[in-house]
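> Provided herewith: protein.txt, compact mmCIF, C-alpha atoms.
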```
# COMPACT_ATOMS: atom_id res chain seq x y z
CA MET A 1 2.76 184.99 68.72
CA PRO A 2 -0.67 185.26 67.17
CA ALA A 3 -3.01 188.08 68.11
CA ALA A 4 -5.15 185.54 70.00
CA ALA A 5 -2.34 185.20 72.58
CA ALA A 6 -1.91 188.92 73.23
CA GLY A 7 -2.15 189.77 76.91
CA LYS A 8 -2.74 186.18 78.00
CA PRO A 9 -0.57 184.07 80.28
CA ILE A 10 1.62 181.68 78.28
CA GLU A 11 2.07 177.97 79.01
CA ILE A 12 4.85 175.98 77.39
CA TRP A 13 3.83 172.47 76.35
CA PHE A 14 6.07 169.79 74.83
CA GLN A 15 4.67 167.09 72.54
CA ASP A 16 5.97 163.90 70.97
CA GLU A 17 4.89 160.34 70.24
CA ALA A 18 6.41 156.94 70.83
CA ARG A 19 5.79 153.62 69.12
CA ILE A 20 5.26 150.70 71.51
CA GLY A 21 4.70 147.18 70.34
CA GLN A 22 5.53 143.58 69.96
CA LYS A 23 9.10 144.15 68.81
CA GLY A 24 9.64 145.27 72.38
CA THR A 25 12.36 147.20 74.10
CA LEU A 26 15.30 145.74 75.93
CA THR A 27 16.69 147.57 78.91
CA ARG A 28 19.55 147.28 81.31
CA LEU A 29 19.14 145.14 84.40
CA TRP A 30 21.25 143.98 87.31
CA ALA A 31 22.92 140.60 86.82
CA ARG A 32 25.92 138.74 88.10
CA ILE A 33 29.12 139.56 86.17
CA GLY A 34 29.69 137.05 83.40
CA SER A 35 26.07 135.85 83.37
CA ARG A 36 23.67 136.25 80.46
CA PRO A 37 20.23 136.94 81.91
CA ARG A 38 17.28 135.90 79.81
CA ALA A 39 14.99 138.59 78.42
CA PRO A 40 11.75 138.06 76.52
CA ARG A 41 11.79 139.27 72.92
CA ASP A 42 8.97 139.18 70.41
CA SER A 43 9.48 139.15 66.65
CA ARG A 44 5.95 140.10 65.59
CA TYR A 45 5.14 143.54 64.16
CA GLU A 46 2.09 145.08 65.80
CA TRP A 47 2.23 148.36 67.70
CA ALA A 48 0.42 151.43 68.97
CA TYR A 49 1.54 155.01 69.37
CA ILE A 50 1.42 157.05 72.55
CA PHE A 51 0.83 160.70 71.73
CA GLY A 52 1.99 162.60 74.80
CA ALA A 53 2.16 166.27 75.72
CA VAL A 54 3.28 167.79 78.99
CA CYS A 55 3.30 171.20 80.61
CA PRO A 56 6.26 170.88 83.01
CA GLU A 57 5.45 174.11 84.90
CA ARG A 58 1.99 172.77 85.81
CA ALA A 59 3.22 169.15 86.06
CA ILE A 60 0.34 167.86 83.95
CA GLY A 61 0.14 165.82 80.80
CA VAL A 62 -2.27 164.77 78.09
CA GLY A 63 -1.91 161.43 76.35
CA LEU A 64 -3.72 159.45 73.68
CA VAL A 65 -2.96 155.94 72.48
CA MET A 66 -3.57 155.67 68.77
CA PRO A 67 -3.19 152.93 66.13
CA HIS A 68 -1.38 155.25 63.68
CA ALA A 69 0.80 158.35 63.77
CA ASP A 70 -0.83 160.64 61.23
CA SER A 71 -2.62 163.98 60.87
CA GLU A 72 -5.94 162.57 62.07
CA ALA A 73 -4.38 161.29 65.30
CA MET A 74 -2.48 164.56 65.72
CA ASN A 75 -5.71 166.57 65.36
CA LEU A 76 -7.31 164.53 68.14
CA HIS A 77 -4.25 165.12 70.31
CA LEU A 78 -4.25 168.86 69.57
CA GLN A 79 -7.88 169.09 70.66
CA ALA A 80 -7.05 167.30 73.93
CA ILE A 81 -4.11 169.65 74.53
CA GLY A 82 -6.31 172.67 73.82
CA ARG A 83 -8.79 171.48 76.46
CA ALA A 84 -5.93 171.05 78.99
CA VAL A 85 -4.48 174.55 78.59
CA THR A 86 -5.55 176.70 81.53
CA PRO A 87 -8.73 178.65 80.66
CA GLY A 88 -7.74 182.16 79.65
CA ALA A 89 -4.13 181.15 78.88
CA HIS A 90 -2.41 180.41 75.59
CA GLY A 91 -0.30 177.29 75.02
CA VAL A 92 2.91 177.24 73.00
CA LEU A 93 3.31 173.66 71.80
CA VAL A 94 6.94 172.67 71.17
CA LEU A 95 7.23 169.71 68.80
CA ASP A 96 9.55 168.16 66.25
CA GLY A 97 9.17 168.38 62.49
CA ALA A 98 7.37 165.08 61.85
CA GLY A 99 5.15 165.21 58.78
CA TRP A 100 1.92 164.99 60.76
CA HIS A 101 3.08 167.91 62.99
CA THR A 102 3.39 170.26 60.02
CA SER A 103 0.56 168.96 57.84
CA HIS A 104 -1.87 171.41 56.24
CA ALA A 105 -4.64 169.09 57.46
CA LEU A 106 -4.05 170.11 61.09
CA LYS A 107 -6.80 172.03 62.87
CA LEU A 108 -5.15 173.97 65.69
CA PRO A 109 -7.28 175.00 68.66
CA GLY A 110 -7.47 178.78 69.09
CA ASN A 111 -5.51 178.62 72.34
CA VAL A 112 -2.51 176.66 70.98
CA THR A 113 0.40 177.84 68.81
CA PRO A 114 2.91 175.29 67.48
CA LEU A 115 6.66 175.92 67.69
CA CYS A 116 8.77 173.47 65.67
CA LEU A 117 12.18 172.49 66.98
CA PRO A 118 15.17 172.59 64.65
CA PRO A 119 15.89 169.31 62.83
CA TYR A 120 17.91 166.67 64.69
CA SER A 121 17.46 168.19 68.14
CA PRO A 122 15.57 165.66 70.29
CA GLU A 123 17.55 166.80 73.35
CA LEU A 124 15.48 170.01 73.31
CA ASN A 125 12.23 168.09 73.84
CA PRO A 126 11.83 166.79 77.41
CA THR A 127 9.08 164.46 76.22
CA GLU A 128 11.88 162.24 74.87
CA ASN A 129 12.85 161.64 78.51
CA ILE A 130 9.32 160.44 79.22
CA TRP A 131 9.64 157.71 76.59
CA GLU A 132 12.97 156.63 78.07
CA TYR A 133 11.42 156.51 81.55
CA LEU A 134 8.36 154.56 80.40
CA ARG A 135 10.38 152.08 78.39
CA ASN A 136 12.84 151.49 81.23
CA ASN A 137 10.26 151.25 84.00
CA LYS A 138 6.94 150.16 82.51
CA LEU A 139 7.18 148.89 78.95
CA ALA A 140 10.47 146.97 78.57
CA LEU A 141 11.04 143.23 78.76
CA ARG A 142 7.44 142.38 77.86
CA VAL A 143 5.74 140.24 75.27
CA TYR A 144 2.24 141.33 74.28
CA ASP A 145 -0.25 138.69 73.19
CA SER A 146 -2.45 141.08 71.23
CA TYR A 147 -2.91 144.64 70.07
CA ASP A 148 -5.32 145.24 72.96
CA ASP A 149 -2.57 144.21 75.40
CA ILE A 150 -0.26 146.80 73.83
CA VAL A 151 -2.92 149.51 74.16
CA ASP A 152 -3.64 148.53 77.78
CA ALA A 153 0.08 148.61 78.66
CA CYS A 154 0.47 152.05 77.04
CA CYS A 155 -2.57 153.44 78.85
CA ASP A 156 -1.43 152.00 82.19
CA ALA A 157 2.11 153.36 81.76
CA TRP A 158 0.89 156.88 80.87
CA THR A 159 -1.68 156.88 83.69
CA ASP A 160 0.97 155.81 86.20
CA LEU A 161 3.30 158.56 84.97
CA ILE A 162 0.87 161.46 85.27
CA ALA A 163 -0.58 160.18 88.57
CA ILE A 164 2.48 161.58 90.38
CA PRO A 165 2.96 165.22 89.29
CA ASN A 166 6.32 165.57 91.08
CA ARG A 167 7.74 162.68 89.06
CA LEU A 168 6.41 164.15 85.81
CA ALA A 169 7.95 167.53 86.65
CA SER A 170 11.30 165.99 87.62
CA ILE A 171 11.51 164.24 84.24
CA THR A 172 10.41 167.18 82.08
CA LEU A 173 11.16 170.49 83.83
CA ARG A 174 13.96 172.54 82.23
CA ASP A 175 15.30 175.85 83.58
CA TRP A 176 15.60 177.28 80.06
CA ALA A 177 11.97 176.47 79.20
CA LYS A 178 10.14 178.85 81.48
CA VAL A 179 7.99 181.85 80.73
CA SER A 180 9.45 184.96 82.34
```
Turn the structure described in the file into structure tokens.


Amino acid sequence: MPAAAAGKPIEIWFQDEARIGQKGTLTRLWARIGSRPRAPRDSRYEWAYIFGAVCPERAIGVGLVMPHADSEAMNLHLQAIGRAVTPGAHGVLVLDGAGWHTSHALKLPGNVTPLCLPPYSPELNPTENIWEYLRNNKLALRVYDSYDDIVDACCDAWTDLIAIPNRLASITLRDWAKVS
């Protein structure tokens, strides 16, 4: 831990991003045995990225919808996370090893310290469960007419998710990821 965190309460935050777009996501649905239910599928290639971070203990989240996943977008997300950390606390941000997470171009807020997960370990990041939830409940089986429709759907899905803190906590809380 950096010296800036000494003596401060620690919050554990988890961060990840998901690509949502016209290729779409199929999901499971109820149907009569032997039937082949129709599902919309788009073959165009336009998408947006949801940058999401959650603090399961506080049942809060910070999200940005961006056109690209890169260091510039990550810097904007880091600043938003830094503003969401409780004043006087220090946030440990758990994230994967994507190139824009480890870039030298990142400008970390003074109240956030990154902690990279080992390679090939998405099961250690509860944010992955958020993407599964959003795709299954809000973003699957859709065809978007335009980029703005994709952005609107992403914003609506994230807003709906964080509007109910108990749901957010139930998806992301892990017994092993608590500060003693």

> With all atoms of segment 139-153 of chain A from the file as input, state the centre and edge lengths in Å to one decimal of the axis-aligned box that has 6 Å extra on each side, as lines of an AutoDock Vina configuration file.


```
center_x = 2.9
center_y = 144.1
center_z = 74.5
size_x = 28.4
size_y = 22.8
size_z = 20.9
```

> For atom CA of Gly82 of chain A and atom CA of Leu95 of chain A, determine how far apart the two atoms are, in Å to one decimal place.

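Going from atom CA of Gly82 of chain A over to atom CA of Leu95 of chain A, I get 14.7 Å.
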
> Quick one: residues within 9 Å of Gly97 of chain A, all atoms listed in the file, excluding same-chain residues fewer than 4 positions away - as a list of chain:residue names?

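The residues that qualify are A:His101, A:Thr102, A:Cys116, A:Leu117, A:Pro118, A:Pro119.
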
> From the options A:Ala5, A:Ile20, A:Leu141, A:Ala169, which residue's atoms come nearest to His68 of chain A, counting all atoms listed in the file?

A:Ile20

> Can you work out the spacing between atom CA of Thr113 of chain A and atom CA of His77 of chain A in Å, to one decimal?

13.6 Å

> Place N, CA and C atoms on segment 49-64 of chain A and deliver the coordinates as a PDB file, keeping the file's coordinate frame.


```pdb
ATOM      1  N   TYR A  49       0.777 153.783  69.140  1.00  0.00           N
ATOM      2  CA  TYR A  49       1.540 155.010  69.370  1.00  0.00           C
ATOM      3  C   TYR A  49       0.966 155.753  70.564  1.00  0.00           C
ATOM      4  N   ILE A  50       1.832 156.159  71.465  1.00  0.00           N
ATOM      5  CA  ILE A  50       1.420 157.050  72.550  1.00  0.00           C
ATOM      6  C   ILE A  50       1.715 158.462  72.094  1.00  0.00           C
ATOM      7  N   PHE A  51       0.674 159.274  71.975  1.00  0.00           N
ATOM      8  CA  PHE A  51       0.830 160.700  71.730  1.00  0.00           C
ATOM      9  C   PHE A  51       0.814 161.359  73.099  1.00  0.00           C
ATOM     10  N   GLY A  52       1.911 161.997  73.476  1.00  0.00           N
ATOM     11  CA  GLY A  52       1.990 162.600  74.800  1.00  0.00           C
ATOM     12  C   GLY A  52       2.388 164.051  74.731  1.00  0.00           C
ATOM     13  N   ALA A  53       1.798 164.847  75.588  1.00  0.00           N
ATOM     14  CA  ALA A  53       2.160 166.270  75.720  1.00  0.00           C
ATOM     15  C   ALA A  53       2.188 166.597  77.199  1.00  0.00           C
ATOM     16  N   VAL A  54       3.154 167.412  77.584  1.00  0.00           N
ATOM     17  CA  VAL A  54       3.280 167.790  78.990  1.00  0.00           C
ATOM     18  C   VAL A  54       3.502 169.291  79.117  1.00  0.00           C
ATOM     19  N   CYS A  55       3.003 169.831  80.201  1.00  0.00           N
ATOM     20  CA  CYS A  55       3.300 171.200  80.610  1.00  0.00           C
ATOM     21  C   CYS A  55       4.101 171.058  81.905  1.00  0.00           C
ATOM     22  N   PRO A  56       5.432 171.115  81.824  1.00  0.00           N
ATOM     23  CA  PRO A  56       6.260 170.880  83.010  1.00  0.00           C
ATOM     24  C   PRO A  56       5.983 171.851  84.157  1.00  0.00           C
ATOM     25  N   GLU A  57       5.706 173.111  83.846  1.00  0.00           N
ATOM     26  CA  GLU A  57       5.450 174.110  84.900  1.00  0.00           C
ATOM     27  C   GLU A  57       4.227 173.729  85.740  1.00  0.00           C
ATOM     28  N   ARG A  58       3.204 173.180  85.099  1.00  0.00           N
ATOM     29  CA  ARG A  58       1.990 172.770  85.810  1.00  0.00           C
ATOM     30  C   ARG A  58       2.039 171.309  86.225  1.00  0.00           C
ATOM     31  N   ALA A  59       3.049 170.580  85.758  1.00  0.00           N
ATOM     32  CA  ALA A  59       3.220 169.150  86.060  1.00  0.00           C
ATOM     33  C   ALA A  59       1.977 168.346  85.685  1.00  0.00           C
ATOM     34  N   ILE A  60       1.491 168.615  84.465  1.00  0.00           N
ATOM     35  CA  ILE A  60       0.340 167.860  83.950  1.00  0.00           C
ATOM     36  C   ILE A  60       0.680 167.347  82.560  1.00  0.00           C
ATOM     37  N   GLY A  61      -0.071 166.368  82.122  1.00  0.00           N
ATOM     38  CA  GLY A  61       0.140 165.820  80.800  1.00  0.00           C
ATOM     39  C   GLY A  61      -1.166 165.360  80.177  1.00  0.00           C
ATOM     40  N   VAL A  62      -1.136 165.253  78.867  1.00  0.00           N
ATOM     41  CA  VAL A  62      -2.270 164.770  78.090  1.00  0.00           C
ATOM     42  C   VAL A  62      -1.749 163.686  77.170  1.00  0.00           C
ATOM     43  N   GLY A  63      -2.363 162.520  77.202  1.00  0.00           N
ATOM     44  CA  GLY A  63      -1.910 161.430  76.350  1.00  0.00           C
ATOM     45  C   GLY A  63      -3.061 160.735  75.653  1.00  0.00           C
ATOM     46  N   LEU A  64      -2.777 160.271  74.450  1.00  0.00           N
ATOM     47  CA  LEU A  64      -3.720 159.450  73.680  1.00  0.00           C
ATOM     48  C   LEU A  64      -2.943 158.259  73.132  1.00  0.00           C
TER      49      LEU A  64
END
```
